[in-house]
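The next block is query17.cif, given as mmCIF, C-alpha atoms; chains and numbers go by the auth columns.
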```
data_protein
#
loop_
_atom_site.group_PDB
_atom_site.id
_atom_site.type_symbol
_atom_site.label_atom_id
_atom_site.label_comp_id
_atom_site.label_asym_id
_atom_site.label_seq_id
_atom_site.Cartn_x
_atom_site.Cartn_y
_atom_site.Cartn_z
_atom_site.B_iso_or_equiv
_atom_site.auth_seq_id
_atom_site.auth_asym_id
ATOM 1 C CA MET A 1 11.322 26.271 15.833 0.00 1 O
ATOM 2 C CA ASN A 2 11.335 27.133 12.107 0.00 2 O
ATOM 3 C CA LEU A 3 12.227 25.141 9.007 0.00 3 O
ATOM 4 C CA ALA A 4 15.804 26.464 8.981 0.00 4 O
ATOM 5 C CA THR A 5 16.304 25.081 12.487 0.00 5 O
ATOM 6 C CA ILE A 6 14.713 21.779 11.515 0.00 6 O
ATOM 7 C CA ALA A 7 16.995 21.494 8.483 0.00 7 O
ATOM 8 C CA SER A 8 20.034 21.742 10.763 0.00 8 O
ATOM 9 C CA LEU A 9 18.948 18.642 12.699 0.00 9 O
ATOM 10 C CA SER A 10 20.434 15.280 11.826 0.00 10 O
ATOM 11 C CA VAL A 11 19.803 11.677 12.809 0.00 11 O
ATOM 12 C CA GLY A 12 22.710 9.234 12.675 0.00 12 O
ATOM 13 C CA GLN A 13 25.906 9.638 10.665 0.00 13 O
ATOM 14 C CA HIS A 14 26.082 11.351 7.300 0.00 14 O
ATOM 15 C CA LEU A 15 28.430 11.681 4.355 0.00 15 O
ATOM 16 C CA TYR A 16 29.035 15.422 4.421 0.00 16 O
ATOM 17 C CA TRP A 17 29.959 17.341 1.290 0.00 17 O
ATOM 18 C CA ARG A 18 31.361 20.676 2.349 0.00 18 O
ATOM 19 C CA THR A 19 32.102 24.000 0.726 0.00 19 O
ATOM 20 C CA GLU A 20 33.381 27.086 2.503 0.00 20 O
ATOM 21 C CA SER A 21 30.018 27.911 4.055 0.00 21 O
ATOM 22 C CA VAL A 22 27.693 24.971 3.335 0.00 22 O
ATOM 23 C CA ALA A 23 27.628 21.322 4.396 0.00 23 O
ATOM 24 C CA VAL A 24 25.119 18.968 2.753 0.00 24 O
ATOM 25 C CA HIS A 25 24.220 15.315 3.246 0.00 25 O
ATOM 26 C CA GLY A 26 25.898 13.649 0.292 0.00 26 O
ATOM 27 C CA GLU A 27 24.082 10.329 0.628 0.00 27 O
ATOM 28 C CA THR A 28 20.721 12.103 0.413 0.00 28 O
ATOM 29 C CA LEU A 29 21.750 13.986 -2.723 0.00 29 O
ATOM 30 C CA LEU A 30 22.971 10.763 -4.343 0.00 30 O
ATOM 31 C CA THR A 31 19.710 8.908 -3.753 0.00 31 O
ATOM 32 C CA SER A 32 17.646 11.984 -4.713 0.00 32 O
ATOM 33 C CA TRP A 33 19.508 12.261 -8.021 0.00 33 O
ATOM 34 C CA PHE A 34 18.914 8.561 -8.594 0.00 34 O
ATOM 35 C CA ILE A 35 15.160 8.946 -7.970 0.00 35 O
ATOM 36 C CA LEU A 36 14.918 12.010 -10.240 0.00 36 O
ATOM 37 C CA GLY A 37 16.888 10.229 -12.967 0.00 37 O
ATOM 38 C CA LEU A 38 14.666 7.150 -12.693 0.00 38 O
ATOM 39 C CA LEU A 39 11.511 9.253 -12.958 0.00 39 O
ATOM 40 C CA GLY A 40 12.953 11.077 -15.970 0.00 40 O
ATOM 41 C CA ILE A 41 13.881 7.837 -17.752 0.00 41 O
ATOM 42 C CA VAL A 42 10.452 6.265 -17.141 0.00 42 O
ATOM 43 C CA SER A 43 8.707 9.454 -18.287 0.00 43 O
ATOM 44 C CA ILE A 44 10.726 9.704 -21.499 0.00 44 O
ATOM 45 C CA ALA A 45 10.467 5.981 -22.257 0.00 45 O
ATOM 46 C CA GLY A 46 6.721 5.947 -21.613 0.00 46 O
ATOM 47 C CA ASN A 47 5.918 9.002 -23.730 0.00 47 O
ATOM 48 C CA SER A 48 8.466 8.915 -26.547 0.00 48 O
ATOM 49 C CA ASN A 49 6.253 6.817 -28.818 0.00 49 O
ATOM 50 C CA LEU A 50 2.645 7.509 -27.871 0.00 50 O
ATOM 51 C CA LYS A 51 -0.042 5.208 -29.205 0.00 51 O
ATOM 52 C CA SER A 52 -3.820 5.581 -29.367 0.00 52 O
ATOM 53 C CA ILE A 53 -4.131 2.314 -27.452 0.00 53 O
ATOM 54 C CA PRO A 54 -1.555 2.629 -24.648 0.00 54 O
ATOM 55 C CA GLU A 55 0.651 -0.276 -23.696 0.00 55 O
ATOM 56 C CA GLY A 56 3.667 -0.921 -21.504 0.00 56 O
ATOM 57 C CA LEU A 57 5.115 2.124 -19.789 0.00 57 O
ATOM 58 C CA GLN A 58 2.610 4.395 -21.525 0.00 58 O
ATOM 59 C CA ASN A 59 -0.084 2.703 -19.442 0.00 59 O
ATOM 60 C CA VAL A 60 1.875 3.496 -16.275 0.00 60 O
ATOM 61 C CA THR A 61 2.454 7.150 -17.156 0.00 61 O
ATOM 62 C CA GLU A 62 -1.144 7.748 -18.272 0.00 62 O
ATOM 63 C CA PHE A 63 -2.562 6.077 -15.171 0.00 63 O
ATOM 64 C CA SER A 64 -0.250 8.170 -12.981 0.00 64 O
ATOM 65 C CA LEU A 65 -1.291 11.361 -14.759 0.00 65 O
ATOM 66 C CA GLU A 66 -5.001 10.612 -14.385 0.00 66 O
ATOM 67 C CA PHE A 67 -4.535 9.772 -10.706 0.00 67 O
ATOM 68 C CA ILE A 68 -2.666 13.040 -10.073 0.00 68 O
ATOM 69 C CA ARG A 69 -5.263 15.016 -12.035 0.00 69 O
ATOM 70 C CA ASP A 70 -7.986 13.571 -9.827 0.00 70 O
ATOM 71 C CA ILE A 71 -6.107 14.671 -6.694 0.00 71 O
ATOM 72 C CA ALA A 72 -5.605 18.191 -8.044 0.00 72 O
ATOM 73 C CA LYS A 73 -9.186 18.497 -9.313 0.00 73 O
ATOM 74 C CA THR A 74 -10.657 17.289 -6.017 0.00 74 O
ATOM 75 C CA GLN A 75 -8.561 19.580 -3.837 0.00 75 O
ATOM 76 C CA ILE A 76 -8.161 22.695 -6.010 0.00 76 O
ATOM 77 C CA GLY A 77 -11.278 22.684 -8.155 0.00 77 O
ATOM 78 C CA GLU A 78 -12.348 22.069 -11.728 0.00 78 O
ATOM 79 C CA GLU A 79 -11.423 25.508 -13.079 0.00 79 O
ATOM 80 C CA GLU A 80 -7.937 26.058 -11.671 0.00 80 O
ATOM 81 C CA HIS A 81 -6.448 22.618 -11.066 0.00 81 O
ATOM 82 C CA LYS A 82 -4.695 22.165 -14.428 0.00 82 O
ATOM 83 C CA GLU A 83 -1.854 24.601 -13.821 0.00 83 O
ATOM 84 C CA TRP A 84 -1.082 22.871 -10.509 0.00 84 O
ATOM 85 C CA VAL A 85 -0.987 19.302 -11.860 0.00 85 O
ATOM 86 C CA PRO A 86 2.795 19.481 -12.571 0.00 86 O
ATOM 87 C CA PHE A 87 3.558 20.646 -9.035 0.00 87 O
ATOM 88 C CA ILE A 88 1.258 18.144 -7.302 0.00 88 O
ATOM 89 C CA GLY A 89 2.491 15.398 -9.623 0.00 89 O
ATOM 90 C CA THR A 90 6.167 16.119 -8.996 0.00 90 O
ATOM 91 C CA ILE A 91 5.637 16.151 -5.225 0.00 91 O
ATOM 92 C CA PHE A 92 3.615 12.923 -5.262 0.00 92 O
ATOM 93 C CA LEU A 93 5.876 10.942 -7.603 0.00 93 O
ATOM 94 C CA PHE A 94 9.107 12.001 -5.904 0.00 94 O
ATOM 95 C CA ILE A 95 7.809 11.064 -2.450 0.00 95 O
ATOM 96 C CA PHE A 96 6.177 7.833 -3.666 0.00 96 O
ATOM 97 C CA VAL A 97 9.274 6.539 -5.484 0.00 97 O
ATOM 98 C CA SER A 98 11.581 7.734 -2.690 0.00 98 O
ATOM 99 C CA ASN A 99 9.542 5.923 -0.047 0.00 99 O
ATOM 100 C CA TRP A 100 9.366 2.696 -2.037 0.00 100 O
ATOM 101 C CA SER A 101 13.070 2.847 -2.847 0.00 101 O
ATOM 102 C CA GLY A 102 13.802 2.755 0.869 0.00 102 O
ATOM 103 C CA ALA A 103 11.656 -0.364 1.266 0.00 103 O
ATOM 104 C CA LEU A 104 12.664 -2.244 -1.895 0.00 104 O
ATOM 105 C CA LEU A 105 16.216 -1.304 -2.844 0.00 105 O
ATOM 106 C CA PRO A 106 19.196 -2.684 -0.888 0.00 106 O
ATOM 107 C CA TRP A 107 20.775 0.741 -0.396 0.00 107 O
ATOM 108 C CA ARG A 108 22.870 -0.417 2.551 0.00 108 O
ATOM 109 C CA VAL A 109 24.789 -2.898 0.410 0.00 109 O
ATOM 110 C CA ILE A 110 26.652 0.114 -1.020 0.00 110 O
ATOM 111 C CA GLU A 111 29.261 1.159 1.517 0.00 111 O
ATOM 112 C CA LEU A 112 30.137 4.813 2.089 0.00 112 O
ATOM 113 C CA PRO A 113 33.001 6.380 4.065 0.00 113 O
ATOM 114 C CA ASN A 114 30.391 7.765 6.476 0.00 114 O
ATOM 115 C CA GLY A 115 26.654 7.244 6.824 0.00 115 O
ATOM 116 C CA GLU A 116 24.592 4.961 4.612 0.00 116 O
ATOM 117 C CA LEU A 117 22.303 5.281 1.642 0.00 117 O
ATOM 118 C CA GLY A 118 18.543 5.225 2.154 0.00 118 O
ATOM 119 C CA ALA A 119 15.301 6.808 1.028 0.00 119 O
ATOM 120 C CA PRO A 120 15.712 10.585 0.547 0.00 120 O
ATOM 121 C CA THR A 121 12.570 11.098 2.621 0.00 121 O
ATOM 122 C CA ASN A 122 14.143 9.624 5.752 0.00 122 O
ATOM 123 C CA ASP A 123 16.316 12.766 5.892 0.00 123 O
ATOM 124 C CA ILE A 124 14.546 15.676 7.567 0.00 124 O
ATOM 125 C CA ASN A 125 16.286 18.103 5.195 0.00 125 O
ATOM 126 C CA THR A 126 14.354 16.571 2.291 0.00 126 O
ATOM 127 C CA THR A 127 10.970 16.675 4.014 0.00 127 O
ATOM 128 C CA ALA A 128 11.625 20.250 5.239 0.00 128 O
ATOM 129 C CA ALA A 129 12.446 21.300 1.668 0.00 129 O
ATOM 130 C CA LEU A 130 9.265 19.675 0.323 0.00 130 O
ATOM 131 C CA ALA A 131 7.190 21.359 3.037 0.00 131 O
ATOM 132 C CA LEU A 132 8.809 24.725 2.294 0.00 132 O
ATOM 133 C CA LEU A 133 8.080 24.344 -1.428 0.00 133 O
ATOM 134 C CA THR A 134 4.444 23.624 -0.574 0.00 134 O
ATOM 135 C CA SER A 135 4.259 26.758 1.580 0.00 135 O
ATOM 136 C CA ILE A 136 5.749 28.888 -1.197 0.00 136 O
ATOM 137 C CA ALA A 137 3.286 27.351 -3.664 0.00 137 O
ATOM 138 C CA TYR A 138 0.147 28.178 -1.696 0.00 138 O
ATOM 139 C CA PHE A 139 1.332 31.701 -0.861 0.00 139 O
ATOM 140 C CA TYR A 140 2.112 32.253 -4.539 0.00 140 O
ATOM 141 C CA ALA A 141 -1.286 30.857 -5.585 0.00 141 O
ATOM 142 C CA GLY A 142 -3.183 33.141 -3.219 0.00 142 O
ATOM 143 C CA ILE A 143 -1.205 36.318 -3.929 0.00 143 O
ATOM 144 C CA ALA A 144 -1.197 35.721 -7.694 0.00 144 O
ATOM 145 C CA LYS A 145 -4.989 35.475 -7.747 0.00 145 O
ATOM 146 C CA LYS A 146 -6.065 37.945 -5.053 0.00 146 O
ATOM 147 C CA GLY A 147 -3.117 40.319 -4.788 0.00 147 O
ATOM 148 C CA ILE A 148 -2.671 42.160 -1.513 0.00 148 O
ATOM 149 C CA SER A 149 -6.239 41.334 -0.519 0.00 149 O
ATOM 150 C CA TYR A 150 -5.061 37.745 0.047 0.00 150 O
ATOM 151 C CA PHE A 151 -3.833 38.830 3.469 0.00 151 O
ATOM 152 C CA LYS A 152 -7.374 39.744 4.548 0.00 152 O
ATOM 153 C CA ARG A 153 -7.795 36.078 5.393 0.00 153 O
ATOM 154 C CA TYR A 154 -5.692 36.621 8.500 0.00 154 O
ATOM 155 C CA VAL A 155 -8.337 38.869 10.071 0.00 155 O
ATOM 156 C CA GLU A 156 -11.354 36.843 8.974 0.00 156 O
ATOM 157 C CA PRO A 157 -13.890 36.101 10.300 0.00 157 O
ATOM 158 C CA ALA A 158 -12.732 38.327 13.186 0.00 158 O
ATOM 159 C CA PRO A 159 -9.572 40.424 13.758 0.00 159 O
ATOM 160 C CA PHE A 160 -8.793 38.775 17.104 0.00 160 O
ATOM 161 C CA LEU A 161 -8.090 35.529 15.193 0.00 161 O
ATOM 162 C CA LEU A 162 -5.001 37.100 13.575 0.00 162 O
ATOM 163 C CA PRO A 163 -2.448 35.274 15.809 0.00 163 O
ATOM 164 C CA ILE A 164 -4.172 31.924 15.279 0.00 164 O
ATOM 165 C CA ASN A 165 -4.335 32.389 11.506 0.00 165 O
ATOM 166 C CA VAL A 166 -0.651 33.366 11.366 0.00 166 O
ATOM 167 C CA LEU A 167 0.287 30.398 13.542 0.00 167 O
ATOM 168 C CA GLU A 168 -1.627 28.108 11.210 0.00 168 O
ATOM 169 C CA ASP A 169 0.683 29.038 8.343 0.00 169 O
ATOM 170 C CA PHE A 170 3.668 27.949 10.440 0.00 170 O
ATOM 171 C CA THR A 171 2.115 24.693 11.610 0.00 171 O
ATOM 172 C CA LYS A 172 1.150 23.546 8.104 0.00 172 O
ATOM 173 C CA PRO A 173 4.720 23.024 6.828 0.00 173 O
ATOM 174 C CA LEU A 174 5.838 21.705 10.222 0.00 174 O
ATOM 175 C CA SER A 175 3.151 19.029 10.204 0.00 175 O
ATOM 176 C CA LEU A 176 3.941 18.075 6.592 0.00 176 O
ATOM 177 C CA CYS A 177 7.644 17.849 7.379 0.00 177 O
ATOM 178 C CA PHE A 178 7.485 15.834 10.594 0.00 178 O
ATOM 179 C CA ARG A 179 4.693 13.491 9.481 0.00 179 O
ATOM 180 C CA LEU A 180 6.569 12.307 6.395 0.00 180 O
ATOM 181 C CA PHE A 181 9.993 12.192 8.069 0.00 181 O
ATOM 182 C CA GLY A 182 8.778 10.374 11.177 0.00 182 O
ATOM 183 C CA ASN A 183 6.813 7.707 9.350 0.00 183 O
ATOM 184 C CA ILE A 184 9.528 6.837 6.829 0.00 184 O
ATOM 185 C CA LEU A 185 12.360 6.878 9.365 0.00 185 O
ATOM 186 C CA ALA A 186 10.393 4.749 11.836 0.00 186 O
ATOM 187 C CA ASP A 187 9.473 2.215 9.148 0.00 187 O
ATOM 188 C CA GLU A 188 13.080 1.793 8.000 0.00 188 O
ATOM 189 C CA LEU A 189 14.364 1.510 11.567 0.00 189 O
ATOM 190 C CA VAL A 190 11.799 -1.139 12.564 0.00 190 O
ATOM 191 C CA VAL A 191 12.412 -3.256 9.455 0.00 191 O
ATOM 192 C CA GLY A 192 16.182 -2.880 9.832 0.00 192 O
ATOM 193 C CA VAL A 193 16.145 -4.024 13.453 0.00 193 O
ATOM 194 C CA LEU A 194 13.879 -7.000 12.697 0.00 194 O
ATOM 195 C CA LEU A 195 16.110 -8.044 9.782 0.00 195 O
ATOM 196 C CA LEU A 196 19.026 -8.202 12.213 0.00 196 O
ATOM 197 C CA LEU A 197 17.084 -10.136 14.865 0.00 197 O
ATOM 198 C CA VAL A 198 14.929 -12.425 12.700 0.00 198 O
ATOM 199 C CA PRO A 199 16.324 -12.268 9.170 0.00 199 O
ATOM 200 C CA LEU A 200 13.962 -14.718 7.440 0.00 200 O
ATOM 201 C CA LEU A 201 10.159 -14.591 7.514 0.00 201 O
ATOM 202 C CA VAL A 202 9.059 -12.238 10.287 0.00 202 O
ATOM 203 C CA PRO A 203 10.066 -8.913 8.596 0.00 203 O
ATOM 204 C CA VAL A 204 8.212 -9.726 5.338 0.00 204 O
ATOM 205 C CA PRO A 205 4.699 -8.715 6.543 0.00 205 O
ATOM 206 C CA LEU A 206 6.156 -5.524 8.010 0.00 206 O
ATOM 207 C CA MET A 207 7.902 -4.757 4.722 0.00 207 O
ATOM 208 C CA LEU A 208 4.604 -5.182 2.872 0.00 208 O
ATOM 209 C CA LEU A 209 2.909 -2.945 5.429 0.00 209 O
ATOM 210 C CA GLY A 210 5.741 -0.470 4.937 0.00 210 O
ATOM 211 C CA LEU A 211 5.071 -0.359 1.199 0.00 211 O
ATOM 212 C CA PHE A 212 1.410 0.393 1.882 0.00 212 O
ATOM 213 C CA THR A 213 2.107 3.112 4.453 0.00 213 O
ATOM 214 C CA SER A 214 4.784 4.624 2.201 0.00 214 O
ATOM 215 C CA ALA A 215 2.253 4.986 -0.598 0.00 215 O
ATOM 216 C CA ILE A 216 -0.289 6.461 1.830 0.00 216 O
ATOM 217 C CA GLN A 217 2.261 9.034 3.039 0.00 217 O
ATOM 218 C CA ALA A 218 2.883 10.183 -0.544 0.00 218 O
ATOM 219 C CA LEU A 219 -0.867 10.452 -1.122 0.00 219 O
ATOM 220 C CA VAL A 220 -1.419 12.357 2.147 0.00 220 O
ATOM 221 C CA PHE A 221 1.356 14.850 1.389 0.00 221 O
ATOM 222 C CA ALA A 222 0.144 15.507 -2.174 0.00 222 O
ATOM 223 C CA THR A 223 -3.487 15.746 -1.049 0.00 223 O
ATOM 224 C CA LEU A 224 -2.669 18.242 1.721 0.00 224 O
ATOM 225 C CA ALA A 225 -0.512 20.277 -0.674 0.00 225 O
ATOM 226 C CA GLY A 226 -3.437 20.463 -3.073 0.00 226 O
ATOM 227 C CA ALA A 227 -5.853 21.318 -0.251 0.00 227 O
ATOM 228 C CA TYR A 228 -3.643 24.184 0.967 0.00 228 O
ATOM 229 C CA ILE A 229 -3.350 25.577 -2.566 0.00 229 O
ATOM 230 C CA GLY A 230 -7.097 25.249 -3.086 0.00 230 O
ATOM 231 C CA GLU A 231 -7.731 26.994 0.224 0.00 231 O
ATOM 232 C CA SER A 232 -5.501 29.931 -0.765 0.00 232 O
ATOM 233 C CA LEU A 233 -7.382 30.321 -4.040 0.00 233 O
#
```
Take the structure in the file and write it out as structure tokens.
Amino acid sequence: MNLATIASLSVGQHLYWRTESVAVHGETLLTSWFILGLLGIVSIAGNSNLKSIPEGLQNVTEFSLEFIRDIAKTQIGEEEHKEWVPFIGTIFLFIFVSNWSGALLPWRVIELPNGELGAPTNDINTTAALALLTSIAYFYAGIAKKGISYFKRYVEPAPFLLPINVLEDFTKPLSLCFRLFGNILADELVVGVLLLLVPLLVPVPLMLLGLFTSAIQALVFATLAGAYIGESL
């Protein structure tokens, strides 16, 4: 099973937007555009009037940048982490805000002809795309630095490990994809069912736990992305 096959899978009903040859999940695009727009607005608002002593949204953006720099520096290394901060940061912030939007925003209040709105990361197409971008990034990092000699890693430390090393490059994006998708989908399903059965106090602790696990999933994905890039370098 490859990422193209995974991307063709679907769970539940969806609002399909179709062209002659392509059908996409409209509700996922809508929420993804919302998340990207929100991140853009916060970024512009927090950095449009920089001050020597940060306050307000500037505090948030600077803290986020330092946190992402620490992830990149730890996983990629002191010398080469800076050029990968934008990629690691984009991955982390998109997943983090997407996950929290599914837990905090009442997406389901907005009715659609088919399907329902939710966190972009509870759609396997989104997590497959993020995993594929990570794979492209670490291949690019390795080939850009080492050239054709990058592929020597497949026969090291011994040539008979070639199949295992090749298989590893397929399992990395698969594990990234399914881990994020499974955790976010399961969290939303459990909270949704409990809200129907016991709509008052019982779901609250699970919602708080969901916020924590959602943040951890964003951190895990960004950390592994950085580790794979660092490994290829």
Exercise. For the structure provided, state which residues fall under the PyMOL selection byres ((chain O and resi 73) around 12), and present them as a PyMOL selection string.
Key: chain O and resi 65-72+74-85+88+223+226-227+229-230
Exercise. Figure out the distance between atom CA of Leu196 of chain O and atom CA of Gly182 of chain O, please, to one decimal in Å.
Key: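 Between these atoms lies a distance of 21.2 Å.
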Practice problem: Return the single residue from O:Leu189, O:Val204, O:Leu224, O:Ala45 that is closest to Thr134 of chain O, with distances computed using all atoms listed in the file. | Solution: O:Leu224
Exercise. List the neighbours of Ser48 of chain O out to 10 Å using only C-alpha atoms; skip same-chain residues closer than 5 positions along the sequence, and give me the result as a ChimeraX atom specification.
Key: /O:42-43,58
Practice problem: Name the closest residue to Gly40 of chain O among the candidates O:Phe94, O:Phe151, O:Phe63, O:Tyr16; distances are taken between atoms, counting only C-alpha atoms. | Solution: O:Phe94
With the input short on atoms, add N, CA, C and O atoms back to segment 202-218 of chain O and write it as an mmCIF file, in the coordinates of the input.
```cif
data_model
loop_
_atom_site.group_PDB
_atom_site.id
_atom_site.type_symbol
_atom_site.label_atom_id
_atom_site.label_comp_id
_atom_site.auth_asym_id
_atom_site.auth_seq_id
_atom_site.Cartn_x
_atom_site.Cartn_y
_atom_site.Cartn_z
ATOM 1 N N VAL O 202 9.814 -13.196 9.485
ATOM 2 C CA VAL O 202 9.059 -12.238 10.287
ATOM 3 C C VAL O 202 9.008 -10.833 9.675
ATOM 4 O O VAL O 202 7.955 -10.191 9.672
ATOM 5 N N PRO O 203 10.131 -10.287 9.120
ATOM 6 C CA PRO O 203 10.066 -8.913 8.596
ATOM 7 C C PRO O 203 9.223 -8.741 7.342
ATOM 8 O O PRO O 203 8.869 -7.622 6.996
ATOM 9 N N VAL O 204 8.903 -9.853 6.626
ATOM 10 C CA VAL O 204 8.212 -9.726 5.338
ATOM 11 C C VAL O 204 6.860 -9.029 5.470
ATOM 12 O O VAL O 204 6.561 -8.097 4.713
ATOM 13 N N PRO O 205 5.978 -9.441 6.414
ATOM 14 C CA PRO O 205 4.699 -8.715 6.543
ATOM 15 C C PRO O 205 4.895 -7.233 6.860
ATOM 16 O O PRO O 205 4.144 -6.388 6.363
ATOM 17 N N LEU O 206 5.902 -6.923 7.690
ATOM 18 C CA LEU O 206 6.156 -5.524 8.010
ATOM 19 C C LEU O 206 6.663 -4.751 6.804
ATOM 20 O O LEU O 206 6.348 -3.574 6.628
ATOM 21 N N MET O 207 7.440 -5.411 5.941
ATOM 22 C CA MET O 207 7.902 -4.757 4.722
ATOM 23 C C MET O 207 6.733 -4.460 3.789
ATOM 24 O O MET O 207 6.663 -3.394 3.174
ATOM 25 N N LEU O 208 5.793 -5.407 3.692
ATOM 26 C CA LEU O 208 4.604 -5.182 2.872
ATOM 27 C C LEU O 208 3.760 -4.047 3.449
ATOM 28 O O LEU O 208 3.239 -3.198 2.712
ATOM 29 N N LEU O 209 3.628 -4.036 4.776
ATOM 30 C CA LEU O 209 2.909 -2.945 5.429
ATOM 31 C C LEU O 209 3.627 -1.627 5.192
ATOM 32 O O LEU O 209 2.992 -0.585 4.980
ATOM 33 N N GLY O 210 4.965 -1.673 5.199
ATOM 34 C CA GLY O 210 5.741 -0.470 4.937
ATOM 35 C C GLY O 210 5.507 0.079 3.540
ATOM 36 O O GLY O 210 5.443 1.298 3.350
ATOM 37 N N LEU O 211 5.378 -0.798 2.559
ATOM 38 C CA LEU O 211 5.071 -0.359 1.199
ATOM 39 C C LEU O 211 3.718 0.354 1.151
ATOM 40 O O LEU O 211 3.559 1.390 0.492
ATOM 41 N N PHE O 212 2.745 -0.209 1.858
ATOM 42 C CA PHE O 212 1.410 0.393 1.882
ATOM 43 C C PHE O 212 1.437 1.765 2.548
ATOM 44 O O PHE O 212 0.916 2.745 2.011
ATOM 45 N N THR O 213 2.068 1.832 3.727
ATOM 46 C CA THR O 213 2.107 3.112 4.453
ATOM 47 C C THR O 213 2.944 4.147 3.704
ATOM 48 O O THR O 213 2.648 5.348 3.759
ATOM 49 N N SER O 214 3.971 3.698 2.991
ATOM 50 C CA SER O 214 4.784 4.624 2.201
ATOM 51 C C SER O 214 3.953 5.264 1.091
ATOM 52 O O SER O 214 4.059 6.467 0.824
ATOM 53 N N ALA O 215 3.130 4.450 0.443
ATOM 54 C CA ALA O 215 2.253 4.986 -0.598
ATOM 55 C C ALA O 215 1.222 5.947 -0.005
ATOM 56 O O ALA O 215 0.927 6.998 -0.586
ATOM 57 N N ILE O 216 0.686 5.597 1.166
ATOM 58 C CA ILE O 216 -0.289 6.461 1.830
ATOM 59 C C ILE O 216 0.340 7.803 2.202
ATOM 60 O O ILE O 216 -0.281 8.867 2.056
ATOM 61 N N GLN O 217 1.589 7.784 2.672
ATOM 62 C CA GLN O 217 2.261 9.034 3.039
ATOM 63 C C GLN O 217 2.439 9.951 1.832
ATOM 64 O O GLN O 217 2.287 11.172 1.934
ATOM 65 N N ALA O 218 2.775 9.377 0.677
ATOM 66 C CA ALA O 218 2.883 10.183 -0.544
ATOM 67 C C ALA O 218 1.532 10.780 -0.917
ATOM 68 O O ALA O 218 1.439 11.961 -1.291
#
```
